[in-house]
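See below for the structure under consideration.
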Amino acid sequence: MKKLKEKYYENKRDELGLNSIERLMKYLPASSPLMKRNVTYAHLDFEKIATAIAKKEPFAIISGLSPTGPLHFGHKAIFDELLWFQKNFGAEIYIPITNDEAYVVNKMDSLKDSLKCAYEEVIPGIIAFGFDPKKTKLFVDSDYKDIYNVAMQVSKNLSLRVVKRTFGFEEEIDNPGALFYRGAIQLSQIILPQLKEFGGPKPTLVLAGIDQHPYILLSRDVAKKMGLIEPSSIYIKFLNSLAGPQNKMSTSDPNSCIYLTDKPEVAEKKIDQAFTGGSPLAEKQKQKGGIPEACSIFSLLKYHFLDDKSFQESYLACSKGKVLCNGCKKGAKKMILEYLSEYQKRFEKAKGQMDEFLLKTPIKSILE
Ligand code: SF4
């Protein structure tokens with residue numbers, strides 16, 4: 001399973017002509033914990049960002065989120081990476097909350113529900129990670145209506161030929177309207193930091209899952225036509241579901257993930273029930289060892305709780321059968337519950353800080 005999954009990511013990276021993490025790491029004065037673990041694993045045109053970092057020039061990172069429920073540990077990986085770029089290199093971070101998309105693709109029943117989720121769960125959840133309000137801009141699409149003016153301009157620069165070449169469309173698609181709508185809005189979010197109101201053209205980086213790559217390609221095409229700098233991208237591997245490595249953690253399946261706002265007893269129960277790479281027979285596990293690559297607990301620890309040294313030690317202890325799953329889960333529980341307790345205090349505080357982060361800048365340049 002591990003090999004299959006790693007192969008999937010490697011094949012995708014090669015098929016799309018992306019560069020590997022090793023090359024990315026060569027460009028930077030330091031590497032993030034997720035780069036070292038090969039979780040952030042591929043990039044396109046990262047050289048522009050590395051040059052901006054080396055010259056201490058401004059650059060921006062964009063990473064959007066669809067508000068469909070509370071944040072979980074899978075989201076934390078993305079925000080940890082954004083925060084690392086901000087703390088180490090002063091990145092300006094733009095986080096569009098795509099409630100319109102959640103509604104258009106039927107992930108939420110109404111715009112009202114998507115707004116409630118955005119303001120009650122997602123925005124305080126993001127602020128609680130510790131972003132700098134002076135360098136972080138959050139906006140909810142349907143409340144930041146200026147984004148639709150940008151979408152209008154973007155649409156003028158989108159040709160059907162390029163859209164077809166990027167997405168294919170050889171077969172019938174279920175909801176083409178949603179795809180086109182989403183395309184124009186997502187491209188506007190990527191272009192936004194380069195508009196006059198935000199300091200004009202600058203290197204920008206999109207941090208996303210590899211499924212978003214077609215949108216990056218389109219944004220590069222549109223940026224060129226609009227006289228802007230073509231956006232770069234880096235890609236992150238999704239955190240495994242608690243049910244096993246076949247799927248990723250998903251907001252819509254409470255049993256696949258630990259929400260960052262889960263009560264301690266709920267989180268404990270999820271850890272108890274989580275899929276592991278161990279054997280039901282303790283003796284067998286002592287002899288043969290566990291399979292950390294297939295284990296959802298090891299995945300959580302790898303993404304969030306182990307430093308370089310303890311990562312190697314834990315990997316060896318598991319694969320050589322020096323530790324059994326019960327003991328290992330007990331240790332994981334302690335770390336996870338401690339983190340949740342601290343995070344949830346910050347989450348409550350963040351509810352009163354939303355105004356400092358919400359983008360209100362009117363966009364006029366696009367109408368000139
Ligand atoms: S010992 Fe720990 S890391 Fe290894 S399979 Fe069991 S729970 Fe997973």
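Ligands are numbered from 1 in the order shown, chains are lettered A, B, ... in the order of the structure tokens, and residues start at 1 in each chain.
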
DSSP helix (DSSP H, G or I) residues within range 112-214 of chain A, as a PyMOL selection string: chain A and resi 112-127+133-135+141-143+146-156+160-167+176-194+196-198+210-214

Contacts of Ser319 in chain A within 7 Å, only C-alpha atoms, excl. fewer than 4 positions in-chain, as a ChimeraX atom specification: /A:289-292,315

Output file for the selection above: all heavy atoms, as a tab-separated table (two decimals), in the first residue's frame:
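Output (selection-v5.tsv):
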```
chain	number	residue	atom	x	y	z
A	289	GLY	N	7.66	-6.84	13.42
A	289	GLY	CA	7.60	-5.38	13.40
A	289	GLY	C	6.29	-4.87	12.81
A	289	GLY	O	5.53	-5.63	12.20
A	290	GLY	N	6.03	-3.59	12.97
A	290	GLY	CA	4.84	-2.98	12.39
A	290	GLY	C	5.18	-2.34	11.04
A	290	GLY	O	6.33	-2.38	10.59
A	291	ILE	N	4.15	-1.77	10.39
A	291	ILE	CA	4.37	-1.09	9.10
A	291	ILE	C	3.98	0.38	9.29
A	291	ILE	O	2.81	0.76	9.10
A	291	ILE	CB	3.52	-1.73	7.97
A	291	ILE	CG1	3.77	-3.24	7.93
A	291	ILE	CG2	3.85	-1.10	6.62
A	291	ILE	CD1	2.83	-3.98	7.01
A	292	PRO	N	4.93	1.22	9.68
A	292	PRO	CA	4.57	2.61	9.98
A	292	PRO	C	3.97	3.33	8.77
A	292	PRO	O	3.10	4.19	8.93
A	292	PRO	CB	5.90	3.26	10.40
A	292	PRO	CG	6.98	2.28	10.07
A	292	PRO	CD	6.35	0.94	9.96
A	315	TYR	N	10.25	5.50	13.79
A	315	TYR	CA	10.14	4.64	12.60
A	315	TYR	C	10.83	3.30	12.88
A	315	TYR	O	10.26	2.23	12.65
A	315	TYR	CB	10.77	5.33	11.39
A	315	TYR	CG	10.62	4.53	10.12
A	315	TYR	CD1	9.51	4.71	9.30
A	315	TYR	CD2	11.56	3.57	9.75
A	315	TYR	CE1	9.34	3.97	8.16
A	315	TYR	CE2	11.39	2.81	8.61
A	315	TYR	CZ	10.29	3.01	7.81
A	315	TYR	OH	10.11	2.26	6.68
```

Cut-off 7 Å, only C-alpha atoms and all ligand atoms, neighbours of ligand 1 as a short mmCIF file (atom, residue, chain, number, x, y, z; two decimals) with all heavy atoms, in the first residue's frame:
```cif
data_model
loop_
_atom_site.label_atom_id
_atom_site.label_comp_id
_atom_site.auth_asym_id
_atom_site.auth_seq_id
_atom_site.Cartn_x
_atom_site.Cartn_y
_atom_site.Cartn_z
N THR A 276 -4.08 0.91 12.33
CA THR A 276 -2.63 0.96 12.51
C THR A 276 -1.95 -0.02 11.55
O THR A 276 -2.62 -0.84 10.90
CB THR A 276 -2.21 0.58 13.95
OG1 THR A 276 -2.35 -0.84 14.10
CG2 THR A 276 -3.00 1.31 15.00
N GLY A 277 -0.64 0.04 11.53
CA GLY A 277 0.13 -0.90 10.70
C GLY A 277 0.66 -2.05 11.55
O GLY A 277 1.61 -2.73 11.15
N GLY A 278 0.05 -2.26 12.72
CA GLY A 278 0.49 -3.34 13.61
C GLY A 278 -0.28 -4.62 13.38
O GLY A 278 -1.19 -4.69 12.55
N GLY A 290 6.03 -3.59 12.97
CA GLY A 290 4.84 -2.98 12.39
C GLY A 290 5.18 -2.34 11.04
O GLY A 290 6.33 -2.38 10.59
N ILE A 291 4.15 -1.77 10.39
CA ILE A 291 4.37 -1.09 9.10
C ILE A 291 3.98 0.38 9.29
O ILE A 291 2.81 0.76 9.10
CB ILE A 291 3.52 -1.73 7.97
CG1 ILE A 291 3.77 -3.24 7.93
CG2 ILE A 291 3.85 -1.10 6.62
CD1 ILE A 291 2.83 -3.98 7.01
N PRO A 292 4.93 1.22 9.68
CA PRO A 292 4.57 2.61 9.98
C PRO A 292 3.97 3.33 8.77
O PRO A 292 3.10 4.19 8.93
CB PRO A 292 5.90 3.26 10.40
CG PRO A 292 6.98 2.28 10.07
CD PRO A 292 6.35 0.94 9.96
N CYS A 295 0.29 3.12 8.72
CA CYS A 295 -0.37 3.39 10.00
C CYS A 295 -0.86 4.84 10.11
O CYS A 295 -0.09 5.78 9.91
CB CYS A 295 0.64 3.10 11.12
SG CYS A 295 0.01 3.51 12.74
N SER A 296 -2.14 5.00 10.42
CA SER A 296 -2.68 6.37 10.51
C SER A 296 -2.10 7.13 11.70
O SER A 296 -1.95 8.35 11.65
CB SER A 296 -4.20 6.33 10.58
OG SER A 296 -4.62 5.69 11.75
N ILE A 297 -1.76 6.41 12.77
CA ILE A 297 -1.18 7.08 13.94
C ILE A 297 0.23 7.58 13.60
O ILE A 297 0.59 8.72 13.91
CB ILE A 297 -1.12 6.09 15.14
CG1 ILE A 297 -2.53 5.68 15.56
CG2 ILE A 297 -0.37 6.70 16.33
CD1 ILE A 297 -3.42 6.79 16.05
N PHE A 298 1.00 6.73 12.92
CA PHE A 298 2.35 7.17 12.55
C PHE A 298 2.28 8.37 11.60
O PHE A 298 3.07 9.31 11.69
CB PHE A 298 3.14 6.03 11.90
CG PHE A 298 4.59 6.39 11.71
CD1 PHE A 298 5.47 6.34 12.77
CD2 PHE A 298 5.06 6.82 10.47
CE1 PHE A 298 6.80 6.71 12.62
CE2 PHE A 298 6.39 7.19 10.31
CZ PHE A 298 7.26 7.13 11.39
N CYS A 318 9.06 1.09 15.58
CA CYS A 318 7.87 0.41 15.05
C CYS A 318 8.26 -0.72 14.10
O CYS A 318 7.82 -1.86 14.27
CB CYS A 318 6.97 1.43 14.33
SG CYS A 318 5.61 0.64 13.45
N SER A 319 9.10 -0.40 13.13
CA SER A 319 9.37 -1.42 12.11
C SER A 319 10.20 -2.58 12.65
O SER A 319 10.20 -3.66 12.06
CB SER A 319 10.02 -0.80 10.87
OG SER A 319 11.11 -0.02 11.24
N VAL A 323 8.13 -1.54 19.74
CA VAL A 323 6.99 -0.89 20.39
C VAL A 323 5.71 -1.51 19.83
O VAL A 323 5.65 -1.90 18.66
CB VAL A 323 7.05 0.65 20.16
CG1 VAL A 323 7.05 0.98 18.69
CG2 VAL A 323 5.91 1.38 20.82
N LEU A 324 4.68 -1.64 20.69
CA LEU A 324 3.41 -2.20 20.23
C LEU A 324 2.37 -1.07 20.13
O LEU A 324 2.53 0.00 20.73
CB LEU A 324 2.94 -3.29 21.18
CG LEU A 324 3.87 -4.51 21.27
CD1 LEU A 324 3.30 -5.55 22.23
CD2 LEU A 324 4.10 -5.14 19.90
N CYS A 325 1.30 -1.37 19.41
CA CYS A 325 0.35 -0.29 19.08
C CYS A 325 -0.32 0.33 20.32
O CYS A 325 -0.52 1.55 20.35
CB CYS A 325 -0.69 -0.79 18.09
SG CYS A 325 0.07 -1.20 16.50
N ASN A 326 -0.64 -0.48 21.32
CA ASN A 326 -1.32 0.09 22.50
C ASN A 326 -0.46 1.17 23.16
O ASN A 326 -0.93 2.27 23.46
CB ASN A 326 -1.62 -1.00 23.52
CG ASN A 326 -2.93 -1.67 23.18
OD1 ASN A 326 -3.68 -1.17 22.35
ND2 ASN A 326 -3.19 -2.82 23.80
N CYS A 328 2.06 2.74 21.83
CA CYS A 328 2.31 3.82 20.88
C CYS A 328 1.12 4.79 20.84
O CYS A 328 1.28 6.00 20.85
CB CYS A 328 2.54 3.19 19.51
SG CYS A 328 3.09 4.32 18.27
N LYS A 329 -0.10 4.21 20.83
CA LYS A 329 -1.30 5.07 20.81
C LYS A 329 -1.40 5.90 22.08
O LYS A 329 -1.86 7.04 22.07
CB LYS A 329 -2.56 4.20 20.66
CG LYS A 329 -2.82 3.76 19.22
CD LYS A 329 -4.16 3.06 19.11
CE LYS A 329 -4.56 2.85 17.67
NZ LYS A 329 -5.85 2.19 17.51
#
```

Closest of A:Lys196, A:Ile236, A:Pro203, A:Ser310 to Ile363 in chain A - atom-to-atom distances counting only C-alpha atoms: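 Among the listed residues, the smallest separation from Ile363 in chain A belongs to A:Lys196.
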
Residues within 10 Å of range 265-271 of chain A, only C-alpha atoms, excluding chain neighbours under 6 positions, as a count of residues only: 18

12 Å contact set for Asp14 in chain A, only C-alpha atoms, chain neighbours under 5 positions out, as a VMD selection string: chain A and resid 7 to 9 19 to 20 41 to 44 210

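Taking only range 173-228 of chain A, the residues that DSSP calls strand (DSSP E) from the backbone come to Thr204, Leu205, Val206, Leu207 and Ala208 of chain A.
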
Generate the output file for the selected residues, N, CA and C atoms, as an mmCIF file, in the first residue's frame.
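Saved as selection-v8.cif:
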```
data_model
loop_
_atom_site.group_PDB
_atom_site.id
_atom_site.type_symbol
_atom_site.label_atom_id
_atom_site.label_comp_id
_atom_site.auth_asym_id
_atom_site.auth_seq_id
_atom_site.Cartn_x
_atom_site.Cartn_y
_atom_site.Cartn_z
ATOM 1 N N THR A 204 4.416 34.995 -6.814
ATOM 2 C CA THR A 204 3.373 34.396 -5.972
ATOM 3 C C THR A 204 3.500 32.874 -6.033
ATOM 4 N N LEU A 205 3.112 32.264 -4.940
ATOM 5 C CA LEU A 205 3.243 30.813 -4.809
ATOM 6 C C LEU A 205 1.889 30.263 -4.374
ATOM 7 N N VAL A 206 1.431 29.233 -5.049
ATOM 8 C CA VAL A 206 0.189 28.582 -4.615
ATOM 9 C C VAL A 206 0.577 27.283 -3.920
ATOM 10 N N LEU A 207 0.059 27.094 -2.721
ATOM 11 C CA LEU A 207 0.301 25.837 -1.994
ATOM 12 C C LEU A 207 -0.988 25.031 -2.051
ATOM 13 N N ALA A 208 -0.912 23.819 -2.591
ATOM 14 C CA ALA A 208 -2.161 23.066 -2.818
ATOM 15 C C ALA A 208 -1.888 21.575 -2.932
#
```

Distance query Asn240 in chain A at most 12 Å, only C-alpha atoms, self and fewer than 4 positions along chain excluded, as an NGL selection string: :A and (1-2 or 5 or 39 or 72-75 or 77 or 244-250 or 255-258 or 274-276 or 292-303)

Computed interatomic separation between CA of Ile95 in chain A and CA of Leu138 in chain A (Å): 4.8 Å

Nearest-residue call for Asp132 in chain A, choices A:Asp253, A:Asp307, A:Asp146, A:Glu356, using only C-alpha atoms: A:Glu356

Between CA of Ile216 in chain A and CA of Leu160 in chain A - distance in Å to one decimal: 16.1 Å

Surrounding residues of Leu187 in chain A excluding itself and chain neighbours under 4 positions, 10 Å, only C-alpha atoms, as a list in words: Val150, Ala151, Val154, Ser155, Leu158, Arg182, Gly183, Ile191, Leu192, Tyr215, Ile216, Leu217, Leu218, Ser219, Arg220, Val222 and Ala223 of chain A

Non-local contacts of Ala54 in chain A (12 Å; only C-alpha atoms; under 4 positions in same chain excluded) as a VMD selection string: chain A and resid 27 to 30 47 to 50 58 to 59 88 to 90

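The space between CA of Lys345 in chain A and CA of Ser252 in chain A spans 24.3 Å.
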
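Using only C-alpha atoms for every distance, the candidate list A:Glu10, A:Asp262, A:Glu313, A:Asp80 yields A:Asp80 as the residue closest to Leu34 in chain A.
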
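The nearest approach to Pro264 in chain A among the residues A:Gln86, A:Gln344, A:Phe129, A:Glu283, with only C-alpha atoms taken into account, belongs to A:Gln344.
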